[in-house]
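A.B. asks: If it helps, the file is called coords_8.txt and holds compact mmCIF, C-alpha atoms and all ligand atoms:
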```
# COMPACT_ATOMS: atom_id res chain seq x y z
CA ILE J 1484 9.18 12.68 -18.52
CA PHE J 1485 7.26 9.47 -17.98
CA SER J 1486 10.18 7.13 -18.59
CA ASP J 1487 10.17 5.85 -15.00
CA VAL J 1488 6.50 4.88 -14.98
CA PRO J 1489 6.31 1.17 -14.17
CA GLN J 1490 3.90 -1.15 -15.92
CA ALA J 1491 0.87 -1.80 -13.72
CA PRO J 1492 -0.48 -5.34 -13.60
CA PRO J 1493 -3.72 -5.90 -15.56
CA VAL J 1494 -7.06 -6.09 -13.73
CA ALA J 1495 -7.51 -9.85 -13.40
CA VAL J 1496 -11.15 -10.12 -14.39
CA PHE J 1497 -10.80 -7.95 -17.52
CA LYS J 1498 -7.58 -9.71 -18.49
CA LEU J 1499 -9.49 -13.00 -18.32
CA THR J 1500 -12.13 -11.63 -20.70
CA ALA J 1501 -9.44 -10.44 -23.11
CA ASP J 1502 -7.77 -13.87 -23.03
CA PHE J 1503 -11.15 -15.49 -23.64
CA ARG J 1504 -11.80 -13.29 -26.67
CA GLU J 1505 -8.47 -14.25 -28.20
CA ASP J 1506 -9.05 -17.95 -27.69
CA SER J 1507 -10.31 -19.58 -30.89
CA HIS J 1508 -11.32 -22.91 -29.34
CA PRO J 1509 -14.89 -23.75 -30.45
CA GLN J 1510 -16.00 -24.89 -26.99
CA LYS J 1511 -14.51 -22.02 -24.98
CA VAL J 1512 -16.62 -20.77 -22.07
CA ASN J 1513 -16.28 -17.52 -20.11
CA LEU J 1514 -17.22 -17.93 -16.44
CA GLY J 1515 -15.16 -14.91 -15.36
CA VAL J 1516 -16.72 -11.47 -15.42
CA GLY J 1517 -19.93 -11.00 -13.42
CA ALA J 1518 -22.35 -10.21 -16.20
CA TYR J 1519 -25.61 -11.96 -17.07
CA ARG J 1520 -25.84 -14.08 -20.21
CA THR J 1521 -28.87 -15.69 -21.81
CA ASP J 1522 -29.04 -19.41 -22.49
CA ASP J 1523 -27.53 -18.53 -25.88
CA SER J 1524 -24.52 -16.95 -24.13
CA GLN J 1525 -25.63 -13.46 -25.19
CA PRO J 1526 -25.83 -10.24 -23.13
CA TRP J 1527 -29.44 -9.39 -22.27
CA VAL J 1528 -31.04 -5.97 -22.54
CA LEU J 1529 -33.89 -6.29 -20.08
CA PRO J 1530 -37.24 -5.89 -21.92
CA VAL J 1531 -38.48 -3.38 -19.33
CA VAL J 1532 -35.29 -1.33 -19.81
CA LYS J 1533 -35.80 -1.35 -23.58
CA LYS J 1534 -39.37 -0.17 -23.14
CA VAL J 1535 -38.37 2.71 -20.85
CA GLU J 1536 -35.48 3.67 -23.15
CA ARG J 1537 -37.96 4.08 -26.02
CA LEU J 1538 -40.17 6.31 -23.86
CA ILE J 1539 -37.14 8.44 -22.96
CA VAL J 1540 -36.17 8.92 -26.61
CA GLU J 1541 -39.75 9.92 -27.46
CA ASP J 1542 -40.10 12.32 -24.53
CA ASP J 1543 -39.57 15.83 -25.94
CA SER J 1544 -39.57 17.36 -22.48
CA LEU J 1545 -36.18 15.76 -21.78
CA ASN J 1546 -32.89 17.35 -22.77
CA HIS J 1547 -29.16 17.06 -22.12
CA GLU J 1548 -28.74 19.87 -19.64
CA TYR J 1549 -26.45 19.26 -16.66
CA LEU J 1550 -28.02 17.37 -13.80
CA PRO J 1551 -27.63 18.77 -10.28
CA ILE J 1552 -24.28 17.81 -8.69
CA LEU J 1553 -25.92 15.22 -6.44
CA GLY J 1554 -27.84 13.75 -9.37
CA LEU J 1555 -31.38 13.29 -10.64
CA PRO J 1556 -33.64 13.91 -7.62
CA GLU J 1557 -36.23 11.28 -8.55
CA PHE J 1558 -33.48 8.69 -9.13
CA ARG J 1559 -31.89 9.41 -5.77
CA SER J 1560 -35.14 9.03 -3.89
CA ALA J 1561 -36.24 5.97 -5.90
CA SER J 1562 -32.89 4.31 -5.15
CA SER J 1563 -33.11 4.94 -1.43
CA LYS J 1564 -36.64 3.52 -1.46
CA VAL J 1565 -35.44 0.37 -3.25
CA ALA J 1566 -32.85 -0.12 -0.52
CA LEU J 1567 -34.86 0.87 2.55
CA GLY J 1568 -38.45 0.17 1.49
CA ASP J 1569 -41.31 2.52 0.49
CA ASP J 1570 -42.56 2.79 4.02
CA SER J 1571 -39.19 3.18 5.71
CA PRO J 1572 -39.55 5.23 8.92
CA ALA J 1573 -36.08 6.73 8.33
CA ILE J 1574 -37.24 8.08 4.95
CA LYS J 1575 -40.44 9.46 6.51
CA GLU J 1576 -38.29 11.19 9.14
CA ASN J 1577 -36.41 12.95 6.31
CA ARG J 1578 -33.03 11.65 7.38
CA VAL J 1579 -32.22 9.63 4.26
CA GLY J 1580 -30.47 11.12 1.25
CA GLY J 1581 -28.84 9.86 -1.91
CA VAL J 1582 -25.82 10.75 -3.98
CA GLN J 1583 -26.04 9.59 -7.58
CA ALA J 1584 -22.77 7.93 -8.47
CA LEU J 1585 -20.95 6.31 -11.36
CA GLY J 1586 -21.91 2.73 -10.64
CA GLY J 1587 -21.57 0.96 -7.34
CA THR J 1588 -17.84 1.62 -7.57
CA GLY J 1589 -18.44 5.38 -7.69
CA ALA J 1590 -20.77 5.15 -4.71
CA LEU J 1591 -18.14 3.27 -2.72
CA ARG J 1592 -15.44 5.73 -3.70
CA ILE J 1593 -17.47 8.84 -2.86
CA GLY J 1594 -18.51 7.26 0.45
CA ALA J 1595 -14.90 6.31 1.25
CA GLU J 1596 -13.70 9.82 0.44
CA PHE J 1597 -16.35 11.32 2.70
CA LEU J 1598 -15.43 8.98 5.55
CA ARG J 1599 -11.74 9.82 5.29
CA ARG J 1600 -12.53 13.53 5.34
CA TRP J 1601 -15.18 13.57 8.05
CA TYR J 1602 -15.51 10.33 10.01
CA ASN J 1603 -13.81 9.67 13.32
CA GLY J 1604 -12.01 13.01 13.21
CA THR J 1605 -11.08 14.96 10.11
CA ASN J 1606 -8.86 13.38 7.51
CA ASN J 1607 -8.24 10.41 9.75
CA THR J 1608 -6.45 7.99 7.47
CA ALA J 1609 -5.72 5.65 10.38
CA THR J 1610 -9.30 4.50 10.95
CA PRO J 1611 -9.26 0.76 10.23
CA VAL J 1612 -11.36 -0.38 7.29
CA TYR J 1613 -12.38 -4.04 7.37
CA VAL J 1614 -13.27 -5.98 4.24
CA SER J 1615 -14.36 -9.60 4.11
CA ALA J 1616 -11.85 -12.36 3.38
CA PRO J 1617 -12.26 -12.91 0.50
CA THR J 1618 -14.04 -9.97 -1.08
CA TRP J 1619 -14.61 -8.25 -4.42
CA GLU J 1620 -11.07 -7.40 -5.48
CA ASN J 1621 -11.75 -3.67 -5.81
CA HIS J 1622 -12.78 -3.02 -2.18
CA ASN J 1623 -9.23 -2.80 -0.89
CA ALA J 1624 -8.06 -0.52 -3.66
CA VAL J 1625 -11.03 1.85 -3.48
CA PHE J 1626 -10.47 2.51 0.21
CA ALA J 1627 -6.70 2.65 -0.19
CA ASP J 1628 -7.00 5.18 -3.01
CA ALA J 1629 -9.33 7.25 -0.84
CA GLY J 1630 -6.41 7.51 1.58
CA PHE J 1631 -7.11 4.86 4.20
CA LYS J 1632 -3.86 3.35 5.44
CA ASP J 1633 -5.10 0.45 7.54
CA ILE J 1634 -7.25 -1.95 5.53
CA ARG J 1635 -7.77 -5.30 7.18
CA PRO J 1636 -9.54 -8.54 6.28
CA TYR J 1637 -12.29 -9.89 8.53
CA HIS J 1638 -13.01 -13.61 8.71
CA TYR J 1639 -15.81 -14.62 6.39
CA TRP J 1640 -15.25 -17.80 4.40
CA ASP J 1641 -14.55 -21.13 6.01
CA ALA J 1642 -12.92 -23.11 3.20
CA ALA J 1643 -13.15 -26.44 5.02
CA LYS J 1644 -16.89 -26.27 5.61
CA ARG J 1645 -17.52 -24.22 2.48
CA GLY J 1646 -19.67 -21.78 4.36
CA LEU J 1647 -19.66 -18.72 6.58
CA ASP J 1648 -17.07 -18.50 9.36
CA LEU J 1649 -19.49 -16.89 11.76
CA ALA J 1650 -17.35 -17.38 14.87
CA GLY J 1651 -14.34 -15.77 13.18
CA LEU J 1652 -16.44 -12.88 11.91
CA LEU J 1653 -18.03 -12.19 15.30
CA ASP J 1654 -14.63 -12.38 16.97
CA ASP J 1655 -13.21 -9.82 14.54
CA LEU J 1656 -16.13 -7.51 15.30
CA GLU J 1657 -15.50 -7.85 19.03
CA LYS J 1658 -11.81 -7.11 18.64
CA ALA J 1659 -11.92 -4.31 16.07
CA PRO J 1660 -11.07 -0.85 17.46
CA GLU J 1661 -14.16 1.27 18.10
CA HIS J 1662 -15.25 3.35 15.09
CA SER J 1663 -13.65 0.96 12.61
CA ILE J 1664 -15.41 0.84 9.25
CA PHE J 1665 -16.85 -2.49 8.09
CA VAL J 1666 -17.75 -3.08 4.47
CA LEU J 1667 -20.61 -5.60 4.45
CA HIS J 1668 -22.05 -7.24 1.34
CA ALA J 1669 -25.81 -6.63 1.58
CA CYS J 1670 -26.65 -9.86 -0.26
CA ALA J 1671 -25.22 -12.41 -2.71
CA HIS J 1672 -21.69 -12.07 -1.35
CA ASN J 1673 -19.05 -11.74 -4.07
CA PRO J 1674 -17.20 -14.09 -4.51
CA THR J 1675 -18.49 -16.75 -2.12
CA GLY J 1676 -22.25 -16.66 -2.79
CA THR J 1677 -22.67 -17.13 0.96
CA ASP J 1678 -24.68 -14.71 3.10
CA PRO J 1679 -25.36 -14.66 6.84
CA THR J 1680 -28.84 -15.85 7.81
CA GLN J 1681 -31.23 -13.39 9.46
CA GLU J 1682 -30.30 -14.75 12.89
CA GLU J 1683 -26.62 -14.32 12.06
CA TRP J 1684 -27.18 -10.75 10.83
CA LYS J 1685 -28.83 -9.99 14.18
CA LYS J 1686 -25.73 -11.16 16.02
CA ILE J 1687 -23.53 -9.08 13.72
CA ALA J 1688 -25.69 -5.99 14.29
CA GLU J 1689 -25.71 -6.44 18.06
CA ILE J 1690 -21.92 -6.38 18.25
CA MET J 1691 -21.53 -3.60 15.72
CA LYS J 1692 -23.87 -1.37 17.68
CA ARG J 1693 -22.27 -2.12 21.02
CA ARG J 1694 -18.75 -1.69 19.69
CA LYS J 1695 -19.61 1.49 17.73
CA LEU J 1696 -18.51 0.17 14.34
CA PHE J 1697 -19.49 1.91 11.13
CA VAL J 1698 -21.63 -0.06 8.67
CA PHE J 1699 -20.93 0.48 4.99
CA PHE J 1700 -23.18 -1.82 2.96
CA ASP J 1701 -22.23 -2.71 -0.58
CA SER J 1702 -25.42 -3.65 -2.41
CA ALA J 1703 -24.54 -4.73 -5.94
CA TYR J 1704 -26.92 -7.66 -6.40
CA GLN J 1705 -30.30 -6.65 -4.95
CA GLY J 1706 -32.88 -9.03 -6.44
CA PHE J 1707 -30.29 -11.47 -7.69
CA ALA J 1708 -30.03 -13.51 -4.52
CA SER J 1709 -33.68 -14.39 -4.00
CA GLY J 1710 -35.55 -12.87 -6.93
CA SER J 1711 -37.15 -10.40 -4.48
CA LEU J 1712 -35.97 -6.83 -3.92
CA GLU J 1713 -37.42 -6.86 -0.40
CA LYS J 1714 -35.82 -10.08 0.76
CA ASP J 1715 -32.42 -9.09 -0.57
CA ALA J 1716 -32.60 -5.79 1.32
CA TRP J 1717 -33.47 -7.49 4.59
CA ALA J 1718 -30.09 -6.94 6.25
CA ILE J 1719 -29.95 -3.25 5.29
CA ARG J 1720 -33.48 -2.64 6.55
CA PHE J 1721 -32.80 -4.50 9.76
CA PHE J 1722 -29.72 -2.39 10.55
CA VAL J 1723 -31.68 0.81 9.80
CA SER J 1724 -34.51 -0.35 12.07
CA GLU J 1725 -31.88 -0.84 14.79
CA GLY J 1726 -31.01 2.85 14.56
CA PHE J 1727 -27.67 2.64 12.71
CA GLU J 1728 -26.45 5.68 10.82
CA LEU J 1729 -24.96 4.01 7.75
CA PHE J 1730 -24.07 4.12 4.07
CA VAL J 1731 -25.33 1.87 1.30
CA ALA J 1732 -23.44 1.81 -2.00
CA GLN J 1733 -25.99 0.66 -4.56
CA SER J 1734 -25.18 -0.63 -8.03
CA PHE J 1735 -27.82 -1.00 -10.74
CA SER J 1736 -25.36 -2.64 -13.11
CA LYS J 1737 -26.52 -6.20 -12.50
CA ASN J 1738 -30.18 -6.00 -11.53
CA PHE J 1739 -31.03 -3.60 -14.39
CA GLY J 1740 -28.38 -5.01 -16.75
CA LEU J 1741 -27.00 -1.48 -17.15
CA TYR J 1742 -23.31 -2.32 -16.80
CA ASN J 1743 -21.94 0.36 -19.13
CA GLU J 1744 -24.33 3.16 -18.14
CA ARG J 1745 -22.63 3.45 -14.74
CA VAL J 1746 -25.69 3.78 -12.54
CA GLY J 1747 -25.19 3.80 -8.80
CA ASN J 1748 -26.31 5.61 -5.71
CA LEU J 1749 -24.90 6.18 -2.26
CA THR J 1750 -27.77 6.08 0.21
CA VAL J 1751 -26.96 7.93 3.41
CA VAL J 1752 -28.97 7.23 6.55
CA ALA J 1753 -28.26 10.07 8.98
CA GLN J 1754 -29.26 10.88 12.55
CA ASP J 1755 -31.70 13.62 11.57
CA ASN J 1756 -32.56 15.96 8.73
CA GLU J 1757 -30.28 18.75 9.83
CA ASN J 1758 -27.31 16.37 10.00
CA LEU J 1759 -28.22 14.90 6.59
CA THR J 1760 -28.21 18.36 5.03
CA ARG J 1761 -24.68 19.02 6.26
CA ILE J 1762 -23.47 15.59 5.10
CA LEU J 1763 -24.93 16.11 1.62
CA SER J 1764 -23.33 19.57 1.39
CA GLN J 1765 -19.94 17.90 1.87
CA MET J 1766 -20.82 15.12 -0.56
CA GLU J 1767 -21.57 17.82 -3.10
CA LYS J 1768 -18.05 19.20 -2.69
CA ILE J 1769 -16.54 15.76 -3.25
CA VAL J 1770 -18.62 15.07 -6.36
CA ARG J 1771 -17.83 18.51 -7.77
CA THR J 1772 -14.13 17.71 -8.00
CA THR J 1773 -14.63 14.08 -9.01
CA TRP J 1774 -17.14 14.01 -11.91
CA SER J 1775 -18.88 17.33 -11.25
CA ASN J 1776 -22.28 15.98 -12.21
CA PRO J 1777 -23.45 12.53 -13.17
CA PRO J 1778 -24.84 11.15 -16.45
CA SER J 1779 -28.60 10.95 -16.90
CA GLN J 1780 -29.56 8.02 -19.10
CA GLY J 1781 -29.24 5.20 -16.60
CA ALA J 1782 -30.69 7.29 -13.79
CA ARG J 1783 -33.74 8.09 -15.93
CA ILE J 1784 -34.22 4.42 -16.77
CA VAL J 1785 -34.04 3.34 -13.14
CA SER J 1786 -36.27 6.12 -11.82
CA LYS J 1787 -38.93 5.53 -14.51
CA THR J 1788 -39.07 1.78 -13.92
CA LEU J 1789 -41.38 0.56 -11.24
CA ASN J 1790 -40.04 -2.05 -8.84
CA SER J 1791 -42.89 -4.33 -9.87
CA ASP J 1792 -41.78 -4.11 -13.51
CA ILE J 1793 -38.08 -4.71 -12.94
CA ILE J 1794 -38.52 -7.62 -10.61
CA GLY J 1795 -40.13 -9.77 -13.33
CA ASN J 1796 -36.97 -9.44 -15.40
CA VAL J 1797 -34.68 -9.91 -12.39
CA LYS J 1798 -36.55 -13.09 -11.56
CA THR J 1799 -35.96 -14.41 -15.07
CA MET J 1800 -32.22 -13.97 -14.46
CA ALA J 1801 -32.29 -15.34 -10.91
CA ASP J 1802 -34.32 -18.40 -12.00
CA ARG J 1803 -31.93 -19.21 -14.82
CA VAL J 1804 -29.06 -19.12 -12.33
CA LEU J 1805 -30.94 -21.47 -10.00
CA LEU J 1806 -31.52 -23.90 -12.86
CA MET J 1807 -27.83 -23.85 -13.75
CA ARG J 1808 -26.90 -24.45 -10.10
CA ASP J 1809 -29.16 -27.50 -9.98
CA GLN J 1810 -27.90 -28.88 -13.25
CA LEU J 1811 -24.22 -28.38 -12.51
CA LYS J 1812 -24.53 -30.10 -9.17
CA SER J 1813 -26.46 -33.06 -10.63
CA LYS J 1814 -24.03 -33.46 -13.48
CA LEU J 1815 -20.99 -33.49 -11.19
CA GLN J 1816 -22.72 -36.00 -8.92
CA ALA J 1817 -23.65 -38.16 -11.92
CA LEU J 1818 -20.03 -38.10 -13.09
CA GLY J 1819 -18.95 -39.15 -9.60
CA THR J 1820 -16.60 -36.18 -9.31
CA PRO J 1821 -14.79 -36.51 -5.97
CA GLY J 1822 -15.85 -34.05 -3.26
CA THR J 1823 -19.23 -32.71 -2.22
CA TRP J 1824 -21.02 -30.32 -4.54
CA ASP J 1825 -23.93 -29.28 -2.35
CA HIS J 1826 -22.42 -25.83 -1.94
CA ILE J 1827 -23.24 -25.11 -5.59
CA THR J 1828 -26.95 -25.08 -4.81
CA GLN J 1829 -26.53 -23.66 -1.31
CA GLN J 1830 -24.70 -20.58 -2.56
CA ILE J 1831 -26.77 -17.73 -3.95
CA GLY J 1832 -26.56 -14.89 -6.42
CA MET J 1833 -24.43 -14.68 -9.50
CA PHE J 1834 -21.37 -16.56 -8.32
CA SER J 1835 -20.29 -19.91 -7.08
CA PHE J 1836 -17.09 -20.43 -5.16
CA THR J 1837 -16.33 -23.87 -6.54
CA GLY J 1838 -13.46 -24.82 -4.26
CA LEU J 1839 -11.23 -25.52 -7.29
CA ASN J 1840 -7.62 -24.75 -6.41
CA PRO J 1841 -5.29 -22.57 -8.56
CA LYS J 1842 -3.76 -25.61 -10.28
CA GLN J 1843 -7.18 -26.95 -11.20
CA VAL J 1844 -8.20 -23.50 -12.41
CA GLU J 1845 -5.11 -23.36 -14.59
CA TYR J 1846 -6.01 -26.74 -16.06
CA MET J 1847 -9.55 -25.53 -16.78
CA ILE J 1848 -8.24 -22.48 -18.65
CA LYS J 1849 -5.23 -23.93 -20.44
CA GLU J 1850 -6.52 -27.39 -21.31
CA LYS J 1851 -10.28 -26.94 -21.42
CA HIS J 1852 -10.66 -23.27 -22.46
CA VAL J 1853 -13.07 -22.68 -19.59
CA TYR J 1854 -12.19 -19.30 -18.09
CA LEU J 1855 -12.70 -18.67 -14.38
CA MET J 1856 -11.08 -16.59 -11.65
CA ALA J 1857 -7.94 -17.94 -9.94
CA SER J 1858 -9.94 -18.05 -6.68
CA GLY J 1859 -12.18 -20.74 -8.19
CA ARG J 1860 -15.11 -18.34 -8.53
CA ILE J 1861 -17.41 -18.98 -11.47
CA ASN J 1862 -20.12 -16.73 -12.84
CA MET J 1863 -23.15 -19.01 -12.89
CA CYS J 1864 -24.72 -16.87 -15.64
CA GLY J 1865 -21.99 -18.01 -18.02
CA LEU J 1866 -23.38 -21.55 -17.88
CA THR J 1867 -26.02 -22.55 -20.43
CA THR J 1868 -27.92 -25.70 -21.27
CA LYS J 1869 -25.55 -25.96 -24.26
CA ASN J 1870 -22.20 -25.73 -22.45
CA ILE J 1871 -22.99 -27.21 -19.04
CA ASP J 1872 -22.06 -30.79 -19.98
CA TYR J 1873 -18.71 -29.62 -21.26
CA VAL J 1874 -18.08 -27.51 -18.14
CA ALA J 1875 -19.06 -30.33 -15.78
CA GLN J 1876 -16.80 -32.75 -17.66
CA SER J 1877 -13.97 -30.19 -17.52
CA ILE J 1878 -14.37 -29.76 -13.75
CA HIS J 1879 -14.40 -33.53 -13.40
CA GLU J 1880 -11.15 -33.84 -15.32
CA ALA J 1881 -9.55 -30.97 -13.40
CA VAL J 1882 -10.38 -32.63 -10.09
CA THR J 1883 -9.46 -36.19 -11.06
CA LYS J 1884 -6.47 -35.82 -13.36
N1 LIG J 1901 -19.54 -4.31 -5.34
C1 LIG J 1901 -19.50 -5.61 -5.68
C2 LIG J 1901 -19.50 -6.62 -4.59
C3 LIG J 1901 -19.45 -5.99 -7.00
O1 LIG J 1901 -19.39 -7.29 -7.32
C4 LIG J 1901 -19.47 -4.99 -8.01
C5 LIG J 1901 -19.44 -5.32 -9.47
N2 LIG J 1901 -18.67 -6.39 -9.84
C6 LIG J 1901 -19.51 -3.65 -7.61
C7 LIG J 1901 -19.56 -3.35 -6.27
C8 LIG J 1901 -19.45 -2.50 -8.57
O2 LIG J 1901 -20.46 -2.40 -9.44
P1 LIG J 1901 -20.46 -1.34 -10.61
O3 LIG J 1901 -20.12 -2.07 -11.85
O4 LIG J 1901 -21.86 -0.81 -10.60
O5 LIG J 1901 -19.46 -0.29 -10.30
```
Take the structure in the file and write it out as structure tokens.

C.D. replies:
Amino acid sequence: IFSDVPQAPPVAVFKLTADFREDSHPQKVNLGVGAYRTDDSQPWVLPVVKKVERLIVEDDSLNHEYLPILGLPEFRSASSKVALGDDSPAIKENRVGGVQALGGTGALRIGAEFLRRWYNGTNNTATPVYVSAPTWENHNAVFADAGFKDIRPYHYWDAAKRGLDLAGLLDDLEKAPEHSIFVLHACAHNPTGTDPTQEEWKKIAEIMKRRKLFVFFDSAYQGFASGSLEKDAWAIRFFVSEGFELFVAQSFSKNFGLYNERVGNLTVVAQDNENLTRILSQMEKIVRTTWSNPPSQGARIVSKTLNSDIIGNVKTMADRVLLMRDQLKSKLQALGTPGTWDHITQQIGMFSFTGLNPKQVEYMIKEKHVYLMASGRINMCGLTTKNIDYVAQSIHEAVTK
């Protein structure tokens, strides 16, 4: 009965990891998947997470009963506070709610499903959804699978200047049909590592408000861009202070190092409490038929960890990335590798968009056993003081051969 099922292509980033694992070259390096590594190339369980996990195991008051459909209440409110700030007026006005989700992906998917059902008419699959060009590869598919038929790129990356194409972005905002949905990366844009400045965000917000465009923030790297949870939430908080009703899909995969626990939250900022209650009642219906109720371990860890405790560990990760950025740039400059490499230290967060073209990427993988995405994106956390000379030399060869 399934004989006509076609083979689907593999997911690029996971395929890259599988290829890396099979490679037996002693100097192989994985700069593909966006996961933190220590300077010994090992995954890192954050010390504060380990501490809280021990407390959870020892706590006899906890059990494995079902959580409410919308999730662990203290996790939902803690998450919204991380995004909007402890003293957020919108939270005080009781018009902010959260939906615990399976990772940032789950939060995006639940949010997309809600928007298709209830935004801009009911079941309006024609509302345009704009995602940045380029963007995290899953954005398109998540919105398409939620039923949206018109997914469009908006200008973001200017390859020639290796920076933000602000004019193109603002022009797309001006021209987008009213009520279009815009997916905005809250900080540490994946894959370009390039964010708008505060002044640029203000221009974006001004147009979005005037043109009645819906803001859907994707916040997967809070803390990773600057080492500060507050700074990295600046754009979100600014939009909320401007009176936007919006969604924020939050992932705790990277900043808590909880990749496989699937911890996410969809923060909803509504017009008022009564409206929020109705929105959450519909969210509950969506979750009920999707995963019915979420898992507890990651949510307990996040809600029991104070922001002040987590940020120390996040800073350790962010600082190591900064060091690797500095070193990679200096090494390429010392080698005299053609081109400018300033963008490596100008870009922020986990990734660097190197500017290597697909042929150069292929050379890196096939000849040098250095694995990176076809777009030229590298995960800066995959670099270590032990492999950075080899990676710099490999880039040099790829560019000059
Ligand atoms: N959004 C962006 C921009 C991401 O890079 C990622 C993770 N790669 C996610 C969302 C999803 O995160 P999660 O693993 O928590 O689903």

A.B. asks: Could you tell me which of J:His1668, J:Arg1694, J:Arg1860, J:His1508 comes closest to ligand LIG 1901 (chain J) if we count only C-alpha atoms and all ligand atoms?

C.D. replies: J:His1668

A.B. asks: Which residue, J:Glu1850, J:Glu1725, J:Asp1825, J:Asp1678, has the smallest gap to Glu1880 in chain J when you use only C-alpha atoms?

C.D. replies: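 Distance minimum relative to Glu1880 in chain J lands on J:Glu1850.
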
A.B. asks: Around ligand LIG 1901 (chain J), which protein and nucleic acid residues have at least one atom no more than 10 Å from it, if we count all atoms listed in the file? List them as an mmCIF file with C-alpha atoms, in the frame of the given file.

C.D. replies:
```cif
data_model
loop_
_atom_site.group_PDB
_atom_site.id
_atom_site.type_symbol
_atom_site.label_atom_id
_atom_site.label_comp_id
_atom_site.auth_asym_id
_atom_site.auth_seq_id
_atom_site.Cartn_x
_atom_site.Cartn_y
_atom_site.Cartn_z
ATOM 1 C CA VAL J 1496 -11.150 -10.120 -14.390
ATOM 2 C CA VAL J 1516 -16.720 -11.470 -15.420
ATOM 3 C CA GLY J 1517 -19.930 -11.000 -13.420
ATOM 4 C CA ALA J 1518 -22.350 -10.210 -16.200
ATOM 5 C CA ALA J 1584 -22.770 7.930 -8.470
ATOM 6 C CA LEU J 1585 -20.950 6.310 -11.360
ATOM 7 C CA GLY J 1586 -21.910 2.730 -10.640
ATOM 8 C CA GLY J 1587 -21.570 0.960 -7.340
ATOM 9 C CA THR J 1588 -17.840 1.620 -7.570
ATOM 10 C CA GLY J 1589 -18.440 5.380 -7.690
ATOM 11 C CA ALA J 1590 -20.770 5.150 -4.710
ATOM 12 C CA LEU J 1591 -18.140 3.270 -2.720
ATOM 13 C CA ARG J 1592 -15.440 5.730 -3.700
ATOM 14 C CA THR J 1618 -14.040 -9.970 -1.080
ATOM 15 C CA TRP J 1619 -14.610 -8.250 -4.420
ATOM 16 C CA GLU J 1620 -11.070 -7.400 -5.480
ATOM 17 C CA ASN J 1621 -11.750 -3.670 -5.810
ATOM 18 C CA HIS J 1622 -12.780 -3.020 -2.180
ATOM 19 C CA VAL J 1666 -17.750 -3.080 4.470
ATOM 20 C CA LEU J 1667 -20.610 -5.600 4.450
ATOM 21 C CA HIS J 1668 -22.050 -7.240 1.340
ATOM 22 C CA ALA J 1669 -25.810 -6.630 1.580
ATOM 23 C CA CYS J 1670 -26.650 -9.860 -0.260
ATOM 24 C CA ALA J 1671 -25.220 -12.410 -2.710
ATOM 25 C CA HIS J 1672 -21.690 -12.070 -1.350
ATOM 26 C CA ASN J 1673 -19.050 -11.740 -4.070
ATOM 27 C CA PRO J 1674 -17.200 -14.090 -4.510
ATOM 28 C CA PHE J 1700 -23.180 -1.820 2.960
ATOM 29 C CA ASP J 1701 -22.230 -2.710 -0.580
ATOM 30 C CA SER J 1702 -25.420 -3.650 -2.410
ATOM 31 C CA ALA J 1703 -24.540 -4.730 -5.940
ATOM 32 C CA TYR J 1704 -26.920 -7.660 -6.400
ATOM 33 C CA ALA J 1732 -23.440 1.810 -2.000
ATOM 34 C CA GLN J 1733 -25.990 0.660 -4.560
ATOM 35 C CA SER J 1734 -25.180 -0.630 -8.030
ATOM 36 C CA PHE J 1735 -27.820 -1.000 -10.740
ATOM 37 C CA SER J 1736 -25.360 -2.640 -13.110
ATOM 38 C CA LYS J 1737 -26.520 -6.200 -12.500
ATOM 39 C CA ASN J 1738 -30.180 -6.000 -11.530
ATOM 40 C CA GLY J 1740 -28.380 -5.010 -16.750
ATOM 41 C CA LEU J 1741 -27.000 -1.480 -17.150
ATOM 42 C CA TYR J 1742 -23.310 -2.320 -16.800
ATOM 43 C CA ASN J 1743 -21.940 0.360 -19.130
ATOM 44 C CA GLU J 1744 -24.330 3.160 -18.140
ATOM 45 C CA ARG J 1745 -22.630 3.450 -14.740
ATOM 46 C CA VAL J 1746 -25.690 3.780 -12.540
ATOM 47 C CA GLY J 1747 -25.190 3.800 -8.800
ATOM 48 C CA ASN J 1748 -26.310 5.610 -5.710
ATOM 49 C CA MET J 1833 -24.430 -14.680 -9.500
ATOM 50 C CA PHE J 1834 -21.370 -16.560 -8.320
#
```

A.B. asks: List every residue of range 1675-1784 of chain J that has an atom at most 10 Å from any atom of range 1637-1650 of chain J, giving for each one its closest atom pair and the distance in Å to one decimal, counting only C-alpha atoms, sorted by chain and then by ascending residue number, as a Markdown table.

C.D. replies:
```
| residue | atom | partner | partner_atom | distance |
| --- | --- | --- | --- | --- |
| J:Thr1675 | CA | J:Trp1640 | CA | 7.4 |
| J:Gly1676 | CA | J:Gly1646 | CA | 9.2 |
| J:Thr1677 | CA | J:Gly1646 | CA | 6.5 |
| J:Asp1678 | CA | J:Leu1647 | CA | 7.3 |
| J:Pro1679 | CA | J:Leu1647 | CA | 7.0 |
| J:Thr1680 | CA | J:Leu1647 | CA | 9.7 |
| J:Glu1683 | CA | J:Leu1649 | CA | 7.6 |
| J:Trp1684 | CA | J:Leu1649 | CA | 9.9 |
| J:Lys1686 | CA | J:Leu1649 | CA | 9.5 |
| J:Ile1687 | CA | J:Leu1649 | CA | 9.0 |
```

A.B. asks: For the atom pair CA of Glu1657 in chain J and CA of Asp1755 in chain J, what is the interatomic distance in Å to one decimal place?

C.D. replies: 27.9 Å
